[in-house]
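Trainee: One structure, pasted below without further comment.
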Amino acid sequence: MSTFATKTQSNAASGYEPSSERMTRTTLAIGMLCGTIGSACRETPVRPEPAPTPVTESVVPEENHSTDPELRTVDELVAYSNAQLELSWEARTGLPETQSLELYRARYASQNAPERALFLNGLEHLDARTADLIREWDGSRLFLPDVRTIQPAAWSAVASFSASKLYLNGLKTLSGIEARKLVTWNPHGDLYLCAVERLDLEAAQALATRGTFRLETELALDGLRKPSAEVVSVLMRGATWELSLNGLAVIDADRARAIAGFDRPKLSLLGVREITAEAVPFLADWRIKFLDLQGLVSLTPELAHALAAAPCHVIDLRGLESMSLETAKALTGVGSNRFLLTGLQSLSPEAAELLSVDSGRFLLGSR
């Protein structure tokens, strides 16, 4: 037996496999594996990679004013105004006092001169296109009770509105920039901003530049509940014939001092329910020709004396329903101011006699 044969038999018996044979077997195994994989790859279709999702920039949606009426002509403005006024008048029950008064004014104006009053209820955003359309309308009273925002591009048209009375009682805020644009509107017209709740010094300074004492113009800011003393002082310097701050409920020392020293034709403080004891001394320098304090429902002798001595002409106290004898004595003891007291219902004979001595100074009787 040859050496090779002997060696082979020996290897087989011992389980030993030469490296050359192992390589041959490994090569065959790899080949068979590759054949299997290749067959599988040929039978299974290759799935294409998904296309990348296109990246889009986020777009901030514009403010939606789709509920605002689309008006294209002046005739459509007038027709819409008439329809809204009738609807609002029918549904007026439960309206806040300010809105009810505005609606009454619009109703009264439309009945007396329908072509001179425009009531655009339901318009919440005043854009440039609508403002330009309103500018074409030739009337005297413009009511925009629901306008909350005014587009910056619309202010130039607002300044050209033909109305002599402009009601913007839906605006809750008014910046200094907006106020400067607004005051360019008819300087001799009445401006009502009764929903503005806060007013900074810049806006107050702008509003104080409009108006003239020679004409009975009015600036109404009845939404200001607690304006700062600085804002009150700036507004008092203004030239508007009548300044209305009916949202004030309490006159404290700081606000009383802010009002003092300024000569004004008329100051309306219908909402004032209290003038504090600390404020009373400053009334000695209240120089108001017509002071409206109809909101006061009680009057102390000290406050009565201060009001009687104040350098005013007429003081409206029609909200008083009763008056003590001591208060009547304080009211009649000094000064020459006239008092409207037509709301008095409970008055002692002695107090009534004191007040009736000078009937030209104390107006009693029915409202």
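Naming scheme: A, B, ... for chains in displayed order of the structure tokens; residues 1 onward per chain; ligands 1 onward as shown.
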For segment 297-314 of chain A, work out the shell of residues within 8 Å, counting only C-alpha atoms and skipping chain neighbours fewer than 3 positions away, then give it as a PyMOL selection string.

Mentor: chain A and resi 273+275+277+280-281+283-291+294+319-323+326-340

Trainee: Taking the backbone alone, and naming residues the way the document does, which bits of segment 79-274 of chain A are helix (DSSP H, G or I) by DSSP, as a ChimeraX atom specification?

Mentor: /A:79-90,97-112,114-116,128-136,152-158,176-182,201-207,229-236,253-259

Trainee: Any idea what's packed within 10 Å of Ala352 of chain A, counting only C-alpha atoms, ignoring anything in its chain fewer than 6 positions away? Could you give it as an MDAnalysis selection string?

Mentor: chainID A and resid 323:325 328 344 346 364

Trainee: Need to verify the contact set: Glu86 of chain A, 12 Å, only C-alpha atoms, exclusion of same-chain residues closer than 4 positions in sequence. Can you return it as a list in words?

Mentor: Ala79, Tyr80, Ser81, Asn82, Glu90, Ala91, Arg92, Leu103, Tyr104, Ala106, Arg107, Tyr108, Ser110, Gln111, Phe119, Leu120 and Asn121 of chain A

Trainee: Suppose you want the space between atom CA of Trp241 of chain A and atom CA of Arg116 of chain A; what is it in Å?

Mentor: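 Computed distance, atom CA of Trp241 of chain A to atom CA of Arg116 of chain A, equals 23.4 Å.
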
Trainee: Could you give me, as a ChimeraX atom specification, the residues within 7 Å of segment 243-256 of chain A, counting only C-alpha atoms and dropping anything in the same chain fewer than 4 positions from it?

Mentor: /A:218-226,229,232,260,266-276,278-279,282-283

Trainee: Using DSSP on the backbone coordinates, identify all residues within segment 108-274 of chain A classified as strand (DSSP E); present the result as number ranges by chain.

Mentor: A: 117-119, 125-126, 141-143, 149-150, 165-167, 190-192, 218-220, 242-244, 250-251, 263-268, 274

Trainee: Extract, using only C-alpha atoms, all DNA, RNA and protein residues at most 7 Å from segment 176-193 of chain A, discarding same-chain residues fewer than 5 positions from it, and format them as a VMD selection string.

Mentor: chain A and resid 155 158 to 160 164 to 169 171 202 to 203 206 to 207 210 to 212 215 217 to 221

Trainee: Any chance you can output those residues with C-alpha atoms as a short mmCIF file (atom, residue, chain, number, x, y, z; two decimals), in the first residue's frame?

Mentor:
data_model
loop_
_atom_site.label_atom_id
_atom_site.label_comp_id
_atom_site.auth_asym_id
_atom_site.auth_seq_id
_atom_site.Cartn_x
_atom_site.Cartn_y
_atom_site.Cartn_z
CA TRP A 155 -56.49 104.91 8.49
CA VAL A 158 -60.84 107.03 8.05
CA ALA A 159 -59.26 110.47 8.30
CA SER A 160 -61.32 111.51 5.26
CA SER A 164 -69.44 114.96 11.78
CA LYS A 165 -70.08 112.28 14.41
CA LEU A 166 -67.98 109.11 14.41
CA TYR A 167 -68.93 106.23 16.70
CA LEU A 168 -66.12 103.69 17.11
CA ASN A 169 -67.49 102.10 20.25
CA LEU A 171 -62.47 99.53 19.66
CA GLU A 202 -48.91 108.96 24.00
CA ALA A 203 -52.47 108.24 22.87
CA ALA A 206 -52.64 112.80 20.56
CA LEU A 207 -56.35 112.94 21.42
CA ARG A 210 -58.16 117.77 18.53
CA GLY A 211 -61.25 119.92 18.90
CA THR A 212 -61.91 123.54 19.67
CA LEU A 215 -67.64 124.56 18.66
CA THR A 217 -67.47 119.07 19.94
CA GLU A 218 -67.30 116.00 22.14
CA LEU A 219 -64.66 113.41 22.96
CA ALA A 220 -66.14 110.39 24.75
CA LEU A 221 -63.87 107.90 26.50
#

Trainee: For the atom pair atom CA of Arg72 of chain A and atom CA of Arg129 of chain A, what is the interatomic distance in Å to one decimal place?

Mentor: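 We find that atom CA of Arg72 of chain A and atom CA of Arg129 of chain A lie 8.8 Å from each other.
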